[in-house]
Structures are given as C-alpha cells and as structure tokens.
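Have a look at structure.txt below; it lists compact mmCIF, N, CA and C atoms.
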```txt
# COMPACT_ATOMS: atom_id res chain seq x y z
N MET A 2 1.91 -115.70 -18.49
CA MET A 2 1.71 -114.98 -17.26
C MET A 2 1.30 -113.55 -17.60
N ASN A 3 0.24 -113.09 -17.03
CA ASN A 3 -0.23 -111.72 -17.26
C ASN A 3 0.62 -110.75 -16.47
N LYS A 4 0.61 -109.53 -16.93
CA LYS A 4 1.37 -108.49 -16.23
C LYS A 4 0.72 -108.18 -14.88
N ASP A 5 -0.53 -108.52 -14.70
CA ASP A 5 -1.22 -108.24 -13.45
C ASP A 5 -0.89 -109.26 -12.36
N GLU A 6 -0.35 -110.42 -12.75
CA GLU A 6 -0.02 -111.46 -11.77
C GLU A 6 1.35 -111.18 -11.17
N SER A 7 1.46 -111.43 -9.88
CA SER A 7 2.76 -111.25 -9.22
C SER A 7 3.06 -112.49 -8.40
N GLY A 8 4.31 -112.64 -8.00
CA GLY A 8 4.72 -113.80 -7.22
C GLY A 8 5.84 -114.54 -7.91
N PHE A 9 6.18 -115.68 -7.35
CA PHE A 9 7.27 -116.49 -7.86
C PHE A 9 6.73 -117.72 -8.54
N SER A 10 7.41 -118.17 -9.55
CA SER A 10 7.01 -119.41 -10.21
C SER A 10 7.61 -120.58 -9.43
N LEU A 11 7.11 -121.75 -9.71
CA LEU A 11 7.60 -122.96 -9.05
C LEU A 11 9.08 -123.17 -9.34
N VAL A 12 9.52 -122.92 -10.54
CA VAL A 12 10.93 -123.09 -10.92
C VAL A 12 11.81 -122.13 -10.11
N GLU A 13 11.38 -120.91 -9.96
CA GLU A 13 12.16 -119.93 -9.17
C GLU A 13 12.27 -120.37 -7.72
N MET A 14 11.19 -120.87 -7.16
CA MET A 14 11.22 -121.35 -5.78
C MET A 14 12.14 -122.55 -5.63
N LEU A 15 12.12 -123.47 -6.59
CA LEU A 15 13.00 -124.63 -6.52
C LEU A 15 14.47 -124.22 -6.61
N ILE A 16 14.78 -123.23 -7.40
CA ILE A 16 16.15 -122.74 -7.52
C ILE A 16 16.61 -122.14 -6.17
N VAL A 17 15.75 -121.35 -5.55
CA VAL A 17 16.09 -120.75 -4.25
C VAL A 17 16.30 -121.83 -3.19
N VAL A 18 15.41 -122.81 -3.14
CA VAL A 18 15.54 -123.90 -2.17
C VAL A 18 16.83 -124.69 -2.43
N GLY A 19 17.15 -124.91 -3.69
CA GLY A 19 18.40 -125.62 -4.03
C GLY A 19 19.64 -124.86 -3.58
N ILE A 20 19.65 -123.55 -3.77
CA ILE A 20 20.78 -122.73 -3.35
C ILE A 20 20.93 -122.76 -1.82
N ILE A 21 19.81 -122.64 -1.12
CA ILE A 21 19.86 -122.69 0.35
C ILE A 21 20.36 -124.05 0.83
N GLY A 22 19.91 -125.12 0.19
CA GLY A 22 20.39 -126.46 0.53
C GLY A 22 21.88 -126.62 0.30
N LEU A 23 22.37 -126.08 -0.80
CA LEU A 23 23.80 -126.14 -1.11
C LEU A 23 24.62 -125.39 -0.07
N LEU A 24 24.17 -124.21 0.30
CA LEU A 24 24.87 -123.42 1.32
C LEU A 24 24.88 -124.14 2.66
N ALA A 25 23.76 -124.75 3.01
CA ALA A 25 23.69 -125.50 4.27
C ALA A 25 24.62 -126.70 4.25
N ALA A 26 24.71 -127.39 3.11
CA ALA A 26 25.59 -128.55 2.99
C ALA A 26 27.06 -128.17 3.16
N ILE A 27 27.40 -126.96 2.80
CA ILE A 27 28.78 -126.48 2.96
C ILE A 27 29.01 -125.99 4.38
N ALA A 28 28.06 -125.24 4.94
CA ALA A 28 28.26 -124.58 6.22
C ALA A 28 28.17 -125.50 7.43
N ILE A 29 27.26 -126.44 7.44
CA ILE A 29 27.03 -127.26 8.63
C ILE A 29 28.26 -128.08 9.02
N PRO A 30 28.95 -128.78 8.11
CA PRO A 30 30.16 -129.49 8.52
C PRO A 30 31.26 -128.56 9.05
N LEU A 31 31.37 -127.38 8.46
CA LEU A 31 32.39 -126.42 8.93
C LEU A 31 32.06 -125.92 10.33
N LEU A 32 30.78 -125.67 10.60
CA LEU A 32 30.37 -125.24 11.93
C LEU A 32 30.61 -126.33 12.97
N ARG A 33 30.33 -127.57 12.59
CA ARG A 33 30.56 -128.70 13.51
C ARG A 33 32.04 -128.86 13.81
N LYS A 34 32.88 -128.70 12.80
CA LYS A 34 34.33 -128.81 13.00
C LYS A 34 34.82 -127.70 13.93
N ALA A 35 34.32 -126.49 13.74
CA ALA A 35 34.71 -125.37 14.59
C ALA A 35 34.27 -125.60 16.04
N LYS A 36 33.06 -126.14 16.23
CA LYS A 36 32.58 -126.44 17.58
C LYS A 36 33.44 -127.50 18.24
N ASN A 37 33.79 -128.54 17.51
CA ASN A 37 34.65 -129.61 18.06
C ASN A 37 36.01 -129.07 18.46
N GLN A 38 36.58 -128.18 17.65
CA GLN A 38 37.87 -127.59 17.99
C GLN A 38 37.77 -126.71 19.23
N ALA A 39 36.69 -125.96 19.35
CA ALA A 39 36.49 -125.13 20.54
C ALA A 39 36.32 -126.00 21.79
N ASP A 40 35.54 -127.06 21.68
CA ASP A 40 35.36 -127.98 22.81
C ASP A 40 36.69 -128.63 23.20
N SER A 41 37.49 -129.00 22.21
CA SER A 41 38.79 -129.60 22.46
C SER A 41 39.71 -128.62 23.20
N GLY A 42 39.72 -127.37 22.77
CA GLY A 42 40.53 -126.35 23.44
C GLY A 42 40.08 -126.13 24.87
N SER A 43 38.79 -126.13 25.09
CA SER A 43 38.25 -125.98 26.44
C SER A 43 38.64 -127.17 27.31
N ALA A 44 38.63 -128.37 26.74
CA ALA A 44 39.01 -129.57 27.49
C ALA A 44 40.48 -129.50 27.90
N ILE A 45 41.33 -129.03 27.02
CA ILE A 45 42.76 -128.91 27.35
C ILE A 45 42.94 -127.93 28.51
N ALA A 46 42.26 -126.80 28.44
CA ALA A 46 42.35 -125.81 29.52
C ALA A 46 41.84 -126.39 30.84
N THR A 47 40.78 -127.17 30.79
CA THR A 47 40.23 -127.78 32.00
C THR A 47 41.18 -128.82 32.56
N VAL A 48 41.83 -129.60 31.70
CA VAL A 48 42.83 -130.57 32.18
C VAL A 48 43.97 -129.83 32.90
N ARG A 49 44.41 -128.71 32.33
CA ARG A 49 45.45 -127.90 32.99
C ARG A 49 44.98 -127.43 34.36
N THR A 50 43.73 -126.99 34.44
CA THR A 50 43.18 -126.54 35.72
C THR A 50 43.15 -127.67 36.73
N LEU A 51 42.76 -128.86 36.29
CA LEU A 51 42.71 -130.01 37.20
C LEU A 51 44.10 -130.41 37.67
N VAL A 52 45.09 -130.34 36.80
CA VAL A 52 46.47 -130.64 37.19
C VAL A 52 46.94 -129.62 38.24
N SER A 53 46.65 -128.35 38.01
CA SER A 53 47.03 -127.31 38.98
C SER A 53 46.32 -127.52 40.32
N ALA A 54 45.05 -127.87 40.27
CA ALA A 54 44.29 -128.12 41.50
C ALA A 54 44.89 -129.30 42.27
N GLU A 55 45.30 -130.34 41.56
CA GLU A 55 45.93 -131.49 42.20
C GLU A 55 47.26 -131.09 42.86
N ARG A 56 48.04 -130.27 42.18
CA ARG A 56 49.31 -129.81 42.75
C ARG A 56 49.08 -129.00 44.01
N LEU A 57 48.10 -128.10 43.99
CA LEU A 57 47.79 -127.32 45.18
C LEU A 57 47.33 -128.21 46.33
N TYR A 58 46.50 -129.20 46.01
CA TYR A 58 46.03 -130.14 47.03
C TYR A 58 47.19 -130.93 47.61
N GLN A 59 48.10 -131.35 46.74
CA GLN A 59 49.25 -132.14 47.20
C GLN A 59 50.17 -131.30 48.09
N LEU A 60 50.36 -130.04 47.80
CA LEU A 60 51.20 -129.17 48.64
C LEU A 60 50.59 -129.02 50.03
N LYS A 61 49.28 -128.96 50.08
CA LYS A 61 48.58 -128.77 51.35
C LYS A 61 48.45 -130.06 52.16
N ASN A 62 48.24 -131.19 51.47
CA ASN A 62 47.89 -132.45 52.16
C ASN A 62 48.92 -133.57 51.99
N SER A 63 49.99 -133.33 51.25
CA SER A 63 51.06 -134.32 51.02
C SER A 63 50.57 -135.57 50.31
N LYS A 64 49.48 -135.47 49.58
CA LYS A 64 48.98 -136.57 48.76
C LYS A 64 48.04 -135.99 47.72
N TYR A 65 47.70 -136.79 46.71
CA TYR A 65 46.75 -136.38 45.70
C TYR A 65 45.37 -136.92 46.05
N THR A 66 44.37 -136.45 45.34
CA THR A 66 42.99 -136.88 45.61
C THR A 66 42.23 -137.04 44.30
N ASP A 67 40.97 -137.44 44.41
CA ASP A 67 40.13 -137.56 43.23
C ASP A 67 39.34 -136.28 43.02
N LEU A 68 38.46 -136.28 42.03
CA LEU A 68 37.70 -135.08 41.70
C LEU A 68 36.84 -134.61 42.87
N ALA A 69 36.22 -135.53 43.57
CA ALA A 69 35.38 -135.16 44.72
C ALA A 69 36.21 -134.51 45.82
N GLY A 70 37.45 -134.91 45.97
CA GLY A 70 38.32 -134.32 46.98
C GLY A 70 38.79 -132.92 46.62
N LEU A 71 38.81 -132.61 45.34
CA LEU A 71 39.23 -131.28 44.89
C LEU A 71 38.13 -130.23 45.06
N VAL A 72 36.88 -130.67 45.06
CA VAL A 72 35.74 -129.74 45.09
C VAL A 72 35.77 -128.83 46.33
N PRO A 73 35.96 -129.34 47.55
CA PRO A 73 35.95 -128.46 48.72
C PRO A 73 37.10 -127.44 48.75
N GLU A 74 38.14 -127.67 47.98
CA GLU A 74 39.28 -126.76 47.97
C GLU A 74 38.96 -125.42 47.32
N GLY A 75 37.89 -125.36 46.53
CA GLY A 75 37.49 -124.11 45.90
C GLY A 75 38.30 -123.74 44.67
N THR A 76 39.04 -124.67 44.10
CA THR A 76 39.86 -124.37 42.93
C THR A 76 39.16 -124.69 41.62
N LEU A 77 37.97 -125.27 41.69
CA LEU A 77 37.25 -125.67 40.47
C LEU A 77 35.95 -124.89 40.34
N ASP A 78 35.57 -124.59 39.10
CA ASP A 78 34.27 -123.97 38.90
C ASP A 78 33.18 -125.03 38.97
N THR A 79 31.95 -124.59 39.06
CA THR A 79 30.85 -125.52 39.31
C THR A 79 30.63 -126.51 38.18
N THR A 80 30.93 -126.11 36.95
CA THR A 80 30.73 -127.05 35.84
C THR A 80 31.73 -128.20 35.88
N VAL A 81 32.95 -127.92 36.28
CA VAL A 81 33.97 -128.96 36.35
C VAL A 81 33.72 -129.88 37.55
N GLN A 82 33.15 -129.35 38.61
CA GLN A 82 32.88 -130.15 39.79
C GLN A 82 31.99 -131.34 39.47
N ALA A 83 31.09 -131.18 38.52
CA ALA A 83 30.20 -132.27 38.12
C ALA A 83 30.89 -133.26 37.19
N GLY A 84 32.09 -132.91 36.71
CA GLY A 84 32.81 -133.81 35.82
C GLY A 84 32.45 -133.64 34.35
N LEU A 85 31.66 -132.61 34.03
CA LEU A 85 31.23 -132.38 32.65
C LEU A 85 31.50 -130.93 32.27
N LYS A 86 32.01 -130.74 31.07
CA LYS A 86 32.19 -129.37 30.56
C LYS A 86 32.49 -129.44 29.07
N SER A 87 31.85 -128.60 28.30
CA SER A 87 32.11 -128.44 26.86
C SER A 87 32.09 -129.75 26.09
N GLY A 88 31.16 -130.61 26.41
CA GLY A 88 31.03 -131.86 25.68
C GLY A 88 32.03 -132.93 26.07
N TYR A 89 32.73 -132.74 27.18
CA TYR A 89 33.72 -133.72 27.66
C TYR A 89 33.35 -134.18 29.07
N VAL A 90 33.73 -135.42 29.37
CA VAL A 90 33.58 -136.00 30.70
C VAL A 90 34.98 -136.06 31.31
N PHE A 91 35.13 -135.50 32.51
CA PHE A 91 36.43 -135.46 33.18
C PHE A 91 36.43 -136.40 34.37
N SER A 92 37.54 -137.10 34.53
CA SER A 92 37.71 -137.95 35.71
C SER A 92 39.11 -137.72 36.26
N VAL A 93 39.19 -137.68 37.58
CA VAL A 93 40.46 -137.51 38.29
C VAL A 93 40.56 -138.64 39.28
N THR A 94 41.70 -139.33 39.27
CA THR A 94 41.89 -140.48 40.15
C THR A 94 43.24 -140.37 40.83
N ALA A 95 43.27 -140.54 42.14
CA ALA A 95 44.53 -140.63 42.88
C ALA A 95 44.96 -142.09 42.84
N VAL A 96 46.20 -142.34 42.51
CA VAL A 96 46.70 -143.71 42.41
C VAL A 96 47.98 -143.85 43.22
N GLY A 97 48.40 -145.07 43.43
CA GLY A 97 49.60 -145.35 44.21
C GLY A 97 49.20 -145.74 45.63
N ALA A 98 50.10 -146.44 46.30
CA ALA A 98 49.82 -146.92 47.65
C ALA A 98 49.53 -145.78 48.61
N SER A 99 50.21 -144.68 48.48
CA SER A 99 50.00 -143.54 49.38
C SER A 99 49.45 -142.33 48.63
N ALA A 100 48.74 -142.57 47.55
CA ALA A 100 48.14 -141.52 46.72
C ALA A 100 49.21 -140.52 46.28
N ASP A 101 50.35 -141.04 45.84
CA ASP A 101 51.46 -140.19 45.42
C ASP A 101 51.46 -139.94 43.92
N GLN A 102 50.42 -140.37 43.24
CA GLN A 102 50.26 -140.15 41.80
C GLN A 102 48.79 -139.86 41.52
N PHE A 103 48.54 -139.27 40.36
CA PHE A 103 47.15 -139.04 39.95
C PHE A 103 47.06 -139.12 38.43
N THR A 104 45.86 -139.31 37.96
CA THR A 104 45.58 -139.25 36.52
C THR A 104 44.36 -138.38 36.29
N VAL A 105 44.38 -137.67 35.19
CA VAL A 105 43.25 -136.87 34.74
C VAL A 105 42.90 -137.33 33.34
N ASN A 106 41.65 -137.66 33.12
CA ASN A 106 41.19 -138.05 31.79
C ASN A 106 40.06 -137.14 31.34
N ALA A 107 40.06 -136.80 30.07
CA ALA A 107 38.98 -136.02 29.46
C ALA A 107 38.56 -136.76 28.19
N ASP A 108 37.35 -137.27 28.21
CA ASP A 108 36.84 -138.04 27.09
C ASP A 108 35.57 -137.38 26.55
N PRO A 109 35.46 -137.27 25.21
CA PRO A 109 34.26 -136.62 24.64
C PRO A 109 33.01 -137.45 24.91
N MET A 110 31.90 -136.74 25.12
CA MET A 110 30.62 -137.43 25.34
C MET A 110 30.09 -138.00 24.03
N ASP A 111 30.44 -137.39 22.92
CA ASP A 111 30.01 -137.83 21.60
C ASP A 111 30.84 -139.04 21.18
N ALA A 112 30.25 -140.01 20.53
CA ALA A 112 30.95 -141.22 20.12
C ALA A 112 31.71 -141.04 18.80
N ASP A 113 31.83 -139.83 18.31
CA ASP A 113 32.54 -139.54 17.06
C ASP A 113 34.01 -139.96 17.19
N THR A 114 34.47 -140.82 16.31
CA THR A 114 35.85 -141.34 16.39
C THR A 114 36.90 -140.35 15.91
N SER A 115 36.49 -139.18 15.45
CA SER A 115 37.47 -138.19 15.03
C SER A 115 37.81 -137.20 16.15
N LEU A 116 37.18 -137.36 17.31
CA LEU A 116 37.41 -136.45 18.43
C LEU A 116 38.61 -136.90 19.26
N ARG A 117 39.27 -135.92 19.88
CA ARG A 117 40.46 -136.22 20.68
C ARG A 117 40.10 -136.48 22.14
N HIS A 118 40.82 -137.41 22.73
CA HIS A 118 40.73 -137.74 24.15
C HIS A 118 42.03 -137.24 24.79
N PHE A 119 41.96 -136.81 26.06
CA PHE A 119 43.13 -136.23 26.72
C PHE A 119 43.45 -136.96 28.01
N PHE A 120 44.73 -136.90 28.39
CA PHE A 120 45.23 -137.55 29.60
C PHE A 120 46.35 -136.69 30.18
N ALA A 121 46.42 -136.62 31.49
CA ALA A 121 47.56 -135.98 32.17
C ALA A 121 47.77 -136.70 33.49
N ASP A 122 48.98 -136.60 33.99
CA ASP A 122 49.29 -137.16 35.31
C ASP A 122 50.17 -136.17 36.06
N GLU A 123 50.84 -136.63 37.11
CA GLU A 123 51.63 -135.73 37.94
C GLU A 123 52.79 -135.08 37.21
N THR A 124 53.14 -135.57 36.03
CA THR A 124 54.19 -134.92 35.23
C THR A 124 53.68 -133.64 34.58
N ALA A 125 52.39 -133.44 34.55
CA ALA A 125 51.71 -132.27 33.96
C ALA A 125 51.82 -132.22 32.44
N VAL A 126 52.23 -133.30 31.82
CA VAL A 126 52.26 -133.37 30.36
C VAL A 126 50.88 -133.84 29.89
N ILE A 127 50.26 -133.03 29.06
CA ILE A 127 48.95 -133.39 28.52
C ILE A 127 49.16 -134.21 27.26
N ARG A 128 48.54 -135.35 27.22
CA ARG A 128 48.67 -136.27 26.09
C ARG A 128 47.32 -136.43 25.42
N ALA A 129 47.35 -136.72 24.12
CA ALA A 129 46.10 -136.82 23.36
C ALA A 129 46.10 -138.05 22.48
N ASN A 130 44.91 -138.54 22.21
CA ASN A 130 44.72 -139.67 21.31
C ASN A 130 43.40 -139.44 20.57
N VAL A 131 43.38 -139.72 19.30
CA VAL A 131 42.18 -139.54 18.49
C VAL A 131 41.39 -140.83 18.45
N GLY A 132 40.12 -140.75 18.81
CA GLY A 132 39.21 -141.89 18.65
C GLY A 132 39.18 -142.88 19.78
N ALA A 133 40.12 -142.84 20.71
CA ALA A 133 40.14 -143.76 21.84
C ALA A 133 40.77 -143.06 23.04
N ALA A 134 40.55 -143.62 24.21
CA ALA A 134 41.05 -142.99 25.44
C ALA A 134 42.56 -142.82 25.38
N ALA A 135 43.02 -141.67 25.85
CA ALA A 135 44.45 -141.37 25.92
C ALA A 135 45.01 -141.93 27.22
N ASP A 136 46.31 -142.24 27.21
CA ASP A 136 46.98 -142.71 28.41
C ASP A 136 48.42 -142.21 28.43
N SER A 137 49.23 -142.73 29.32
CA SER A 137 50.60 -142.22 29.47
C SER A 137 51.48 -142.52 28.28
N THR A 138 51.04 -143.39 27.37
CA THR A 138 51.83 -143.68 26.17
C THR A 138 51.38 -142.87 24.96
N SER A 139 50.32 -142.10 25.10
CA SER A 139 49.82 -141.29 23.98
C SER A 139 50.76 -140.14 23.69
N ALA A 140 50.63 -139.59 22.50
CA ALA A 140 51.51 -138.49 22.07
C ALA A 140 51.23 -137.23 22.89
N PRO A 141 52.28 -136.53 23.33
CA PRO A 141 52.07 -135.28 24.07
C PRO A 141 51.63 -134.16 23.12
N LEU A 142 50.95 -133.17 23.69
CA LEU A 142 50.54 -132.02 22.88
C LEU A 142 51.72 -131.12 22.61
```
Let's see the structure in the file written out as structure tokens.
Amino acid sequence: MNKDESGFSLVEMLIVVGIIGLLAAIAIPLLRKAKNQADSGSAIATVRTLVSAERLYQLKNSKYTDLAGLVPEGTLDTTVQAGLKSGYVFSVTAVGASADQFTVNADPMDADTSLRHFFADETAVIRANVGAAADSTSAPL
C-alpha cells in the first residue's frame, strides 16, 4: 500500500462488521426482554384499573358488566376501551346469574410462550401464568 492511498482494507472492514454483529447479538435479546417486562408491568396496571372500574360500576348499578359496559362510565382511557394496550388483549366478562361476579383477562398478543398472562376477578387478586391463560387457580402476584 502506498502512502498516498487512504481508506480501509477489506480485513479492517470485516473486523468492524464482526464487532457490530457481536454487539447486536448481545443487545437485541436484552432489549426484547426489557420491552416484555415493561409490557407486563403495563398489563398489571391495566388489570388493576379494570378491577377498580368494575367496583365503581357495581357500586352505582348493583351488578358488574363487561368491557363495553365500562366504556360509557368514563373510567377507562381510549386505548383500553378497544381491549388492546401494550401488546396485550384485555377482556372483561360479567358472570353469575345476576352479574354478581366478573373476570378480567390480559393475554399477550405475541405467541411467545415465555410471556405472562394475567387474571383477576371480584376478589381483586391478580393472578399470573407463564405461557398459557391465567385463571382463578393461577399463582397470585
């Protein structure tokens, strides 16, 4: 190589590309894990909000309702009204002969089996299960 030539050699470029690839291989899984944890935390907060909204509805109407019934009450933000938020799908169901019980479910939209699913009912205990839908027998948080 002459002293008049400037630039990078092919070997130098391959080393740089290899280093960038190595850094990406380390960073991307960590970023994905952090995003999943943030989405999970947001889902827990939303389940708490839905439980509170159900309690307020029950105090006013002497029964529980589903997600569509909670919307006119003004206790939910617009993203939760659609049943979707932070990568989770939320469902609220009034159950029992006189709608004296309810269930709230939060299930991830991603099919990743390492993600947590959440459940709550009129007891206000939030329960979680990894990889499958949570229910009243799942472990409490």
Query raised in the report: Contacts of Ala95 (chain A) at 8 Å or less, counting only N, CA and C atoms, minus same-chain residues fewer than 4 places along, as an MDAnalysis selection string?
Result: chainID A and resid 64:68 99:105
Report task. Write out as a ChimeraX atom specification which residues come within 7 Å of Leu116 (chain A) when counting all atoms listed in the file, dropping same-chain ones fewer than 3 positions away. Result -> /A:109,112-113,130-133
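With all atoms listed in the file as the atoms that count, the residue of A:Leu71, A:Leu77, A:Val96, A:Ala125 with the shortest distance to Val52 (chain A) is A:Ala125.
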Requested in this report: Give the alpha helix (DSSP H) residues of chain A, as assigned by DSSP on the backbone, as a ChimeraX atom specification.
Outcome: /A:11-62,68-71,79-82
Requested in this report: Could you check how far atom N of Phe119 (chain A) sits from CA of Ala134 (chain A), in Å to one decimal?
Outcome: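 These two atoms are separated by 6.3 Å.
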Query - d(atom C of Lys34 (chain A), atom C of Thr114 (chain A)) in Å - result: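 Distance reported for this atom pair: 13.0 Å.
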For region 135-139 of chain A, I'd like the enclosing box, axis-aligned and padded by 3 Å on every side, reported as AutoDock Vina command-line options with centre and edge lengths in Å to one decimal.
```
--center_x 47.4 --center_y -141.9 --center_z 26.6 --size_x 14.8 --size_y 9.5 --size_z 11.8
```
Query raised in the report: Which is closer to Asp122 (chain A) than all the others in A:Val72, A:Met110, A:Ser137, A:Asn62, using only N, CA and C atoms?
Result: A:Ser137
Report task. As a PyMOL selection string, please: all residues of region 3-142 of chain A that backbone DSSP puts in strand (DSSP E or B). Result -> chain A and resi 85-86+89-96+102-109+117-122+128-131+140-141
Query raised in the report: What is the CA of Leu51 (chain A)-CA of Ser87 (chain A) distance in Å, reported with one decimal?
Result: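 The value is 14.9 Å.
Surrounding residues of (38.7, -137.4, 33.4) at most 9 Å away are Val48, Leu68, Gly84, Tyr89, Val90, Phe91, Ser92, Val93, Thr94, Thr104, Val105, Asn106, Ala107, Asp108, Phe119 and Phe120 of chain A (based on only C-alpha atoms).
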Writer output for current selection, N, CA and C atoms, as a compact mmCIF listing (two decimals), keeping the file's coordinate frame:
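Output saved as selection.txt:
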```
# COMPACT_ATOMS: atom_id res chain seq x y z
N VAL A 48 41.83 -129.60 31.70
CA VAL A 48 42.83 -130.57 32.18
C VAL A 48 43.97 -129.83 32.90
N LEU A 68 38.46 -136.28 42.03
CA LEU A 68 37.70 -135.08 41.70
C LEU A 68 36.84 -134.61 42.87
N GLY A 84 32.09 -132.91 36.71
CA GLY A 84 32.81 -133.81 35.82
C GLY A 84 32.45 -133.64 34.35
N TYR A 89 32.73 -132.74 27.18
CA TYR A 89 33.72 -133.72 27.66
C TYR A 89 33.35 -134.18 29.07
N VAL A 90 33.73 -135.42 29.37
CA VAL A 90 33.58 -136.00 30.70
C VAL A 90 34.98 -136.06 31.31
N PHE A 91 35.13 -135.50 32.51
CA PHE A 91 36.43 -135.46 33.18
C PHE A 91 36.43 -136.40 34.37
N SER A 92 37.54 -137.10 34.53
CA SER A 92 37.71 -137.95 35.71
C SER A 92 39.11 -137.72 36.26
N VAL A 93 39.19 -137.68 37.58
CA VAL A 93 40.46 -137.51 38.29
C VAL A 93 40.56 -138.64 39.28
N THR A 94 41.70 -139.33 39.27
CA THR A 94 41.89 -140.48 40.15
C THR A 94 43.24 -140.37 40.83
N THR A 104 45.86 -139.31 37.96
CA THR A 104 45.58 -139.25 36.52
C THR A 104 44.36 -138.38 36.29
N VAL A 105 44.38 -137.67 35.19
CA VAL A 105 43.25 -136.87 34.74
C VAL A 105 42.90 -137.33 33.34
N ASN A 106 41.65 -137.66 33.12
CA ASN A 106 41.19 -138.05 31.79
C ASN A 106 40.06 -137.14 31.34
N ALA A 107 40.06 -136.80 30.07
CA ALA A 107 38.98 -136.02 29.46
C ALA A 107 38.56 -136.76 28.19
N ASP A 108 37.35 -137.27 28.21
CA ASP A 108 36.84 -138.04 27.09
C ASP A 108 35.57 -137.38 26.55
N PHE A 119 41.96 -136.81 26.06
CA PHE A 119 43.13 -136.23 26.72
C PHE A 119 43.45 -136.96 28.01
N PHE A 120 44.73 -136.90 28.39
CA PHE A 120 45.23 -137.55 29.60
C PHE A 120 46.35 -136.69 30.18
```
Just region 66-85 of chain A from the block, N, CA and C atoms, as an mmCIF file, in the first residue's frame, could you?
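Here's the written file part24.cif:
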```cif
data_model
loop_
_atom_site.group_PDB
_atom_site.id
_atom_site.type_symbol
_atom_site.label_atom_id
_atom_site.label_comp_id
_atom_site.auth_asym_id
_atom_site.auth_seq_id
_atom_site.Cartn_x
_atom_site.Cartn_y
_atom_site.Cartn_z
ATOM 1 N N THR A 66 -70.347 -5.572 34.917
ATOM 2 C CA THR A 66 -70.610 -5.506 33.477
ATOM 3 C C THR A 66 -69.377 -5.963 32.706
ATOM 4 N N ASP A 67 -69.494 -5.954 31.388
ATOM 5 C CA ASP A 67 -68.353 -6.315 30.546
ATOM 6 C C ASP A 67 -67.599 -5.057 30.135
ATOM 7 N N LEU A 68 -66.594 -5.217 29.300
ATOM 8 C CA LEU A 68 -65.759 -4.088 28.895
ATOM 9 C C LEU A 68 -66.574 -3.002 28.194
ATOM 10 N N ALA A 69 -67.493 -3.391 27.338
ATOM 11 C CA ALA A 69 -68.321 -2.413 26.626
ATOM 12 C C ALA A 69 -69.187 -1.613 27.601
ATOM 13 N N GLY A 70 -69.612 -2.226 28.687
ATOM 14 C CA GLY A 70 -70.418 -1.529 29.681
ATOM 15 C C GLY A 70 -69.614 -0.548 30.512
ATOM 16 N N LEU A 71 -68.318 -0.773 30.621
ATOM 17 C CA LEU A 71 -67.460 0.133 31.393
ATOM 18 C C LEU A 71 -67.103 1.399 30.622
ATOM 19 N N VAL A 72 -67.134 1.330 29.305
ATOM 20 C CA VAL A 72 -66.695 2.451 28.465
ATOM 21 C C VAL A 72 -67.505 3.728 28.736
ATOM 22 N N PRO A 73 -68.839 3.699 28.776
ATOM 23 C CA PRO A 73 -69.590 4.942 28.999
ATOM 24 C C PRO A 73 -69.364 5.567 30.387
ATOM 25 N N GLU A 74 -68.847 4.802 31.326
ATOM 26 C CA GLU A 74 -68.627 5.316 32.671
ATOM 27 C C GLU A 74 -67.500 6.341 32.737
ATOM 28 N N GLY A 75 -66.628 6.354 31.727
ATOM 29 C CA GLY A 75 -65.537 7.320 31.685
ATOM 30 C C GLY A 75 -64.360 6.971 32.574
ATOM 31 N N THR A 76 -64.260 5.738 33.026
ATOM 32 C CA THR A 76 -63.156 5.343 33.899
ATOM 33 C C THR A 76 -61.986 4.731 33.144
ATOM 34 N N LEU A 77 -62.136 4.543 31.838
ATOM 35 C CA LEU A 77 -61.086 3.897 31.047
ATOM 36 C C LEU A 77 -60.533 4.866 30.009
ATOM 37 N N ASP A 78 -59.235 4.748 29.731
ATOM 38 C CA ASP A 78 -58.675 5.550 28.649
ATOM 39 C C ASP A 78 -59.018 4.907 27.311
ATOM 40 N N THR A 79 -58.810 5.639 26.247
ATOM 41 C CA THR A 79 -59.265 5.193 24.931
ATOM 42 C C THR A 79 -58.558 3.930 24.454
ATOM 43 N N THR A 80 -57.311 3.728 24.861
ATOM 44 C CA THR A 80 -56.615 2.518 24.407
ATOM 45 C C THR A 80 -57.187 1.266 25.062
ATOM 46 N N VAL A 81 -57.589 1.367 26.307
ATOM 47 C CA VAL A 81 -58.147 0.204 26.999
ATOM 48 C C VAL A 81 -59.564 -0.080 26.511
ATOM 49 N N GLN A 82 -60.285 0.946 26.098
ATOM 50 C CA GLN A 82 -61.648 0.757 25.612
ATOM 51 C C GLN A 82 -61.694 -0.201 24.431
ATOM 52 N N ALA A 83 -60.659 -0.201 23.621
ATOM 53 C CA ALA A 83 -60.597 -1.097 22.466
ATOM 54 C C ALA A 83 -60.179 -2.507 22.862
ATOM 55 N N GLY A 84 -59.743 -2.684 24.107
ATOM 56 C CA GLY A 84 -59.328 -4.006 24.563
ATOM 57 C C GLY A 84 -57.877 -4.330 24.262
ATOM 58 N N LEU A 85 -57.111 -3.347 23.786
ATOM 59 C CA LEU A 85 -55.706 -3.565 23.440
ATOM 60 C C LEU A 85 -54.850 -2.494 24.098
#
```
